[in-house]
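A.B. asks: Dropping in coords.cif, which is mmCIF, C-alpha atoms:
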```cif
data_work
loop_
_atom_site.group_PDB
_atom_site.id
_atom_site.type_symbol
_atom_site.label_atom_id
_atom_site.label_comp_id
_atom_site.auth_asym_id
_atom_site.auth_seq_id
_atom_site.Cartn_x
_atom_site.Cartn_y
_atom_site.Cartn_z
ATOM 1 C CA MET A 718 163.834 135.095 6.808
ATOM 2 C CA ASN A 719 163.674 134.917 3.062
ATOM 3 C CA LEU A 720 161.791 137.681 1.251
ATOM 4 C CA ARG A 721 158.459 135.841 1.039
ATOM 5 C CA ASP A 722 158.526 134.879 4.732
ATOM 6 C CA ALA A 723 159.532 138.407 5.702
ATOM 7 C CA LEU A 724 156.580 139.860 3.803
ATOM 8 C CA LYS A 725 154.246 137.397 5.504
ATOM 9 C CA TYR A 726 155.784 138.436 8.834
ATOM 10 C CA THR A 727 155.091 142.109 8.106
ATOM 11 C CA LYS A 728 151.461 141.258 7.388
ATOM 12 C CA GLU A 729 151.070 139.192 10.563
ATOM 13 C CA ASN A 730 152.755 141.868 12.717
ATOM 14 C CA TYR A 731 151.789 145.080 10.959
ATOM 15 C CA LYS A 732 150.121 146.637 14.005
ATOM 16 C CA THR A 733 153.231 146.480 16.172
ATOM 17 C CA LEU A 734 155.632 147.248 13.319
ATOM 18 C CA ASP A 735 153.662 150.332 12.347
ATOM 19 C CA THR A 736 153.830 151.935 15.775
ATOM 20 C CA GLY A 737 157.290 151.149 17.056
ATOM 21 C CA ASP A 738 160.948 151.353 16.309
ATOM 22 C CA THR A 739 161.140 147.863 14.842
ATOM 23 C CA TYR A 740 161.745 147.501 11.118
ATOM 24 C CA VAL A 741 161.890 144.454 8.854
ATOM 25 C CA LEU A 742 165.081 145.006 6.883
ATOM 26 C CA GLY A 743 167.352 143.348 4.397
ATOM 27 C CA VAL A 744 170.818 144.850 4.022
ATOM 28 C CA ALA A 745 173.074 144.249 1.043
ATOM 29 C CA TYR A 746 176.593 144.935 -0.103
ATOM 30 C CA THR A 747 176.404 145.524 -3.869
ATOM 31 C CA PRO A 748 179.961 146.331 -4.989
ATOM 32 C CA THR A 749 179.155 146.343 -8.715
ATOM 33 C CA ASP A 750 176.415 148.965 -8.378
ATOM 34 C CA ASP A 751 177.770 152.383 -9.359
ATOM 35 C CA GLU A 752 175.035 154.228 -7.432
ATOM 36 C CA ALA A 753 175.230 152.446 -4.084
ATOM 37 C CA THR A 754 177.520 149.834 -2.604
ATOM 38 C CA PHE A 755 175.401 149.413 0.541
ATOM 39 C CA GLN A 756 171.633 149.108 0.217
ATOM 40 C CA ILE A 757 168.862 148.737 2.763
ATOM 41 C CA ILE A 758 165.433 147.351 1.913
ATOM 42 C CA LYS A 759 162.634 148.067 4.405
ATOM 43 C CA LEU A 760 159.501 145.931 4.121
ATOM 44 C CA SER A 761 156.103 147.033 5.319
ATOM 45 C CA TYR A 762 152.454 146.145 5.137
ATOM 46 C CA ASP A 763 149.690 148.710 5.220
ATOM 47 C CA TYR A 764 146.157 147.668 6.052
ATOM 48 C CA ASP A 765 143.259 150.064 6.220
ATOM 49 C CA SER A 766 141.728 149.228 9.621
ATOM 50 C CA PHE A 767 138.375 150.531 8.379
ATOM 51 C CA TYR A 768 137.951 147.132 6.716
ATOM 52 C CA GLU A 769 138.547 145.008 9.802
ATOM 53 C CA ASP A 770 135.447 143.440 11.248
ATOM 54 C CA LEU A 771 134.726 142.951 14.940
ATOM 55 C CA GLU A 772 136.697 139.698 15.162
ATOM 56 C CA ASP A 773 139.876 141.304 13.766
ATOM 57 C CA GLU A 774 139.552 139.296 10.571
ATOM 58 C CA PHE A 775 140.625 140.725 7.253
ATOM 59 C CA ASP A 776 138.058 141.656 4.662
ATOM 60 C CA GLU A 777 139.401 140.635 1.296
ATOM 61 C CA THR A 778 138.029 143.643 -0.578
ATOM 62 C CA ASP A 779 136.942 147.203 0.118
ATOM 63 C CA GLU A 780 133.615 148.703 -0.948
ATOM 64 C CA ASP A 781 134.880 149.190 -4.520
ATOM 65 C CA GLY A 782 136.059 145.594 -4.829
ATOM 66 C CA GLY A 783 139.713 146.557 -4.422
ATOM 67 C CA SER A 784 142.156 145.333 -1.855
ATOM 68 C CA PRO A 785 142.394 147.267 1.416
ATOM 69 C CA HIS A 786 146.014 146.255 1.945
ATOM 70 C CA TRP A 787 149.359 147.036 0.359
ATOM 71 C CA PHE A 788 152.750 145.355 0.560
ATOM 72 C CA ALA A 789 155.606 147.826 0.232
ATOM 73 C CA ALA A 790 159.378 147.931 0.070
ATOM 74 C CA SER A 791 161.508 151.033 0.287
ATOM 75 C CA LEU A 792 165.145 151.138 -0.694
ATOM 76 C CA GLU A 793 167.881 153.470 0.514
ATOM 77 C CA GLY A 794 171.483 153.120 -0.483
ATOM 78 C CA GLY A 795 174.782 154.828 -0.929
ATOM 79 C CA HIS A 796 178.539 154.700 -0.767
ATOM 80 C CA LEU A 797 180.452 155.100 2.479
ATOM 81 C CA LEU A 798 181.365 158.718 3.297
ATOM 82 C CA SER A 799 179.156 160.060 0.510
ATOM 83 C CA SER A 800 176.248 162.428 1.003
ATOM 84 C CA GLU A 801 174.712 161.224 -2.248
ATOM 85 C CA GLY A 802 172.570 158.147 -2.344
ATOM 86 C CA ILE A 803 169.586 156.504 -3.923
ATOM 87 C CA GLU A 804 166.010 155.979 -2.858
ATOM 88 C CA ASP A 805 163.272 153.938 -4.453
ATOM 89 C CA SER A 806 160.002 152.350 -3.471
ATOM 90 C CA PHE A 807 157.943 149.416 -4.670
ATOM 91 C CA GLY A 808 154.433 148.290 -3.835
ATOM 92 C CA SER A 809 151.697 145.836 -4.691
ATOM 93 C CA GLU A 810 148.524 144.325 -3.313
ATOM 94 C CA THR A 811 150.188 140.895 -3.446
ATOM 95 C CA ILE A 812 153.466 139.429 -2.298
ATOM 96 C CA ASP A 813 154.185 138.043 -5.762
ATOM 97 C CA GLY A 814 153.452 141.413 -7.362
ATOM 98 C CA LEU A 815 155.865 143.189 -5.028
ATOM 99 C CA MET A 816 158.579 140.582 -5.466
ATOM 100 C CA ALA A 817 158.341 140.908 -9.259
ATOM 101 C CA ASP A 818 159.060 144.656 -9.035
ATOM 102 C CA MET A 819 161.928 144.529 -6.552
ATOM 103 C CA PRO A 820 165.610 144.545 -7.594
ATOM 104 C CA ASP A 821 167.189 141.140 -8.095
ATOM 105 C CA PHE A 822 169.666 141.473 -5.207
ATOM 106 C CA SER A 823 166.802 142.032 -2.741
ATOM 107 C CA LYS A 824 165.344 138.599 -3.410
ATOM 108 C CA ASP A 825 168.359 136.772 -1.958
ATOM 109 C CA LEU A 826 168.755 138.710 1.293
ATOM 110 C CA ASN A 827 168.166 137.462 4.804
ATOM 111 C CA TYR A 828 165.504 139.769 6.273
ATOM 112 C CA GLN A 829 165.222 140.343 9.997
ATOM 113 C CA ALA A 830 163.187 142.426 12.400
ATOM 114 C CA TYR A 831 165.521 145.027 13.914
ATOM 115 C CA THR A 832 164.612 147.174 16.904
ATOM 116 C CA LEU A 833 166.709 150.297 16.529
ATOM 117 C CA LYS A 834 167.691 152.902 19.104
ATOM 118 C CA GLU A 835 168.211 155.408 16.296
ATOM 119 C CA SER A 836 166.561 155.516 12.898
ATOM 120 C CA TYR A 837 168.651 154.644 9.875
ATOM 121 C CA LEU A 838 166.370 156.629 7.551
ATOM 122 C CA GLY A 839 167.863 159.554 5.660
ATOM 123 C CA ARG A 840 171.415 158.936 6.871
ATOM 124 C CA THR A 841 174.586 158.416 4.937
ATOM 125 C CA ALA A 842 175.517 154.772 4.380
ATOM 126 C CA GLU A 843 177.988 154.483 7.258
ATOM 127 C CA TYR A 844 175.566 156.021 9.794
ATOM 128 C CA ALA A 845 172.678 153.908 8.515
ATOM 129 C CA LEU A 846 174.762 150.742 8.852
ATOM 130 C CA LYS A 847 175.920 151.755 12.346
ATOM 131 C CA ALA A 848 172.293 152.381 13.409
ATOM 132 C CA ILE A 849 171.301 148.893 12.256
ATOM 133 C CA PHE A 850 174.485 147.144 13.385
ATOM 134 C CA PRO A 851 175.843 148.849 16.512
ATOM 135 C CA GLU A 852 178.630 146.271 16.704
ATOM 136 C CA LEU A 853 180.361 147.923 13.720
ATOM 137 C CA PRO A 854 183.422 150.074 14.505
ATOM 138 C CA SER A 855 182.858 153.577 15.811
ATOM 139 C CA ILE A 856 182.266 156.300 13.251
ATOM 140 C CA ASP A 857 182.641 159.292 15.559
ATOM 141 C CA ASP A 858 185.878 158.344 17.242
ATOM 142 C CA HIS A 859 187.447 161.746 17.842
ATOM 143 C CA GLN A 860 190.564 160.382 19.514
ATOM 144 C CA ASN A 861 191.452 158.266 16.506
ATOM 145 C CA ASP A 862 190.742 158.919 12.873
ATOM 146 C CA PHE A 863 187.819 157.028 11.400
ATOM 147 C CA ASN A 864 189.260 153.962 9.721
ATOM 148 C CA LEU A 865 187.188 153.609 6.557
ATOM 149 C CA SER A 866 188.928 150.392 5.498
ATOM 150 C CA ALA A 867 188.282 148.682 8.830
ATOM 151 C CA PHE A 868 184.647 149.833 8.898
ATOM 152 C CA LYS A 869 184.034 148.673 5.330
ATOM 153 C CA ALA A 870 185.710 145.304 5.940
ATOM 154 C CA ALA A 871 183.662 144.748 9.115
ATOM 155 C CA ALA A 872 180.421 145.708 7.339
ATOM 156 C CA ILE A 873 181.134 143.437 4.370
ATOM 157 C CA LYS A 874 182.014 140.517 6.668
ATOM 158 C CA LEU A 875 178.857 141.060 8.714
ATOM 159 C CA LEU A 876 176.608 141.233 5.644
ATOM 160 C CA SER A 877 178.310 138.237 4.023
ATOM 161 C CA THR A 878 177.648 136.160 7.134
ATOM 162 C CA LEU A 879 174.110 137.479 7.503
ATOM 163 C CA ASN A 880 173.152 136.811 3.880
ATOM 164 C CA ALA A 881 174.972 133.460 3.492
#
```
Spell out the structure here as structure tokens.
C.D. replies:
Amino acid sequence: MNLRDALKYTKENYKTLDTGDTYVLGVAYTPTDDEATFQIIKLSYDYDSFYEDLEDEFDETDEDGGSPHWFAASLEGGHLLSSEGIEDSFGSETIDGLMADMPDFSKDLNYQAYTLKESYLGRTAEYALKAIFPELPSIDDHQNDFNLSAFKAAAIKLLSTLNA
């Protein structure tokens, strides 16, 4: 899904996304970024259920005239085999407002709903990527040394195909 469609998807499915282990994510390889060569954008939609009426319809405003909903994106990124990384968050009451605040690379990603066995949150880049893409080479292969070059090449190929 493109970014706009993914944000609409989060709004339409916010109840199930909020309670489970499914995340709407876009994953990028950003080799020219000094702070993080792999970046993960998580999209979410927060709606205050206090403002839902009996037919599960959305009220457009709360009692103060404001919006009872919020589109959000959180970013985590880093370099492979580095304990340092970056985090950022963006939010708006509208899709267009959120998209205007997000980094340029995030607007061209292919977003998907991923159901994960393990959370990617707070992990180093290689473990986060492995949690999202279990088909990547093993990280904890104790019989053989971790092959950083092979892992990186497989991750780049996967993301290039995914975001083509």
A.B. asks: From the options A:Ala789, A:Leu724, A:Ala817, A:Leu833, which residue's atoms come nearest to Tyr740 in chain A, counting all atoms listed in the file?
C.D. replies: A:Leu833
A.B. asks: Please expand the PyMOL selection byres ((chain A and resi 844) around 12) into the concrete residues it hits in this file, giving the result as a PyMOL selection string.
C.D. replies: chain A and resi 755+794-800+835-843+845-851+853-857+868+872
A.B. asks: For the structure provided, state which residues fall under the PyMOL selection byres ((chain A and resi 759) around 8), and present them as a VMD selection string.
C.D. replies: chain A and resid 740 to 743 757 to 758 760 to 761 790 to 792
A.B. asks: Write out as a tab-separated table (two decimals) with C-alpha atoms, in the frame of the given file which residues come within 10 Å of Gly814 in chain A when counting all atoms listed in the file, dropping same-chain ones fewer than 6 positions away.
C.D. replies:
```tsv
chain	number	residue	atom	x	y	z
A	788	PHE	CA	152.75	145.35	0.56
A	807	PHE	CA	157.94	149.42	-4.67
A	808	GLY	CA	154.43	148.29	-3.84
```
A.B. asks: When you look at Asp821 in chain A with a cut-off of 12 Å (counting only C-alpha atoms), what residues show up, excluding the ones that are within fewer than 4 positions of it in the same chain? I need them as a list in words.
C.D. replies: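 Residues near the query, excluding close chain neighbours: Leu720, Ala745, Thr747, Ile758, Leu815, Met816, Ala817, Asp825 and Leu826 of chain A.
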A.B. asks: Quick one: pull the distance between CA of Val744 in chain A and CA of Lys728 in chain A, Å, one decimal.
C.D. replies: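 Interatomic distance, CA of Val744 in chain A to CA of Lys728 in chain A: 20.0 Å.
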A.B. asks: CA of Asp751 in chain A and CA of Ser823 in chain A, how far apart in Å?
C.D. replies: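 Computed distance, CA of Ser823 in chain A to CA of Asp751 in chain A, equals 16.5 Å.
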A.B. asks: CA of Lys834 in chain A and CA of Met819 in chain A, how far apart in Å?
C.D. replies: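 Atom-to-atom, CA of Met819 in chain A to CA of Lys834 in chain A, that is 27.6 Å.
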A.B. asks: Hey, what's within 9 Å of Arg721 in chain A if we count only C-alpha atoms and toss same-chain stuff fewer than 3 positions away? As an mmCIF file with C-alpha atoms, in the frame of the given file, please?
C.D. replies:
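Below you can see part35.cif, which holds the result:
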```
data_model
loop_
_atom_site.group_PDB
_atom_site.id
_atom_site.type_symbol
_atom_site.label_atom_id
_atom_site.label_comp_id
_atom_site.auth_asym_id
_atom_site.auth_seq_id
_atom_site.Cartn_x
_atom_site.Cartn_y
_atom_site.Cartn_z
ATOM 1 C CA MET A 718 163.834 135.095 6.808
ATOM 2 C CA LEU A 724 156.580 139.860 3.803
ATOM 3 C CA LYS A 725 154.246 137.397 5.504
ATOM 4 C CA TYR A 726 155.784 138.436 8.834
ATOM 5 C CA ILE A 812 153.466 139.429 -2.298
ATOM 6 C CA ASP A 813 154.185 138.043 -5.762
ATOM 7 C CA MET A 816 158.579 140.582 -5.466
ATOM 8 C CA LYS A 824 165.344 138.599 -3.410
#
```
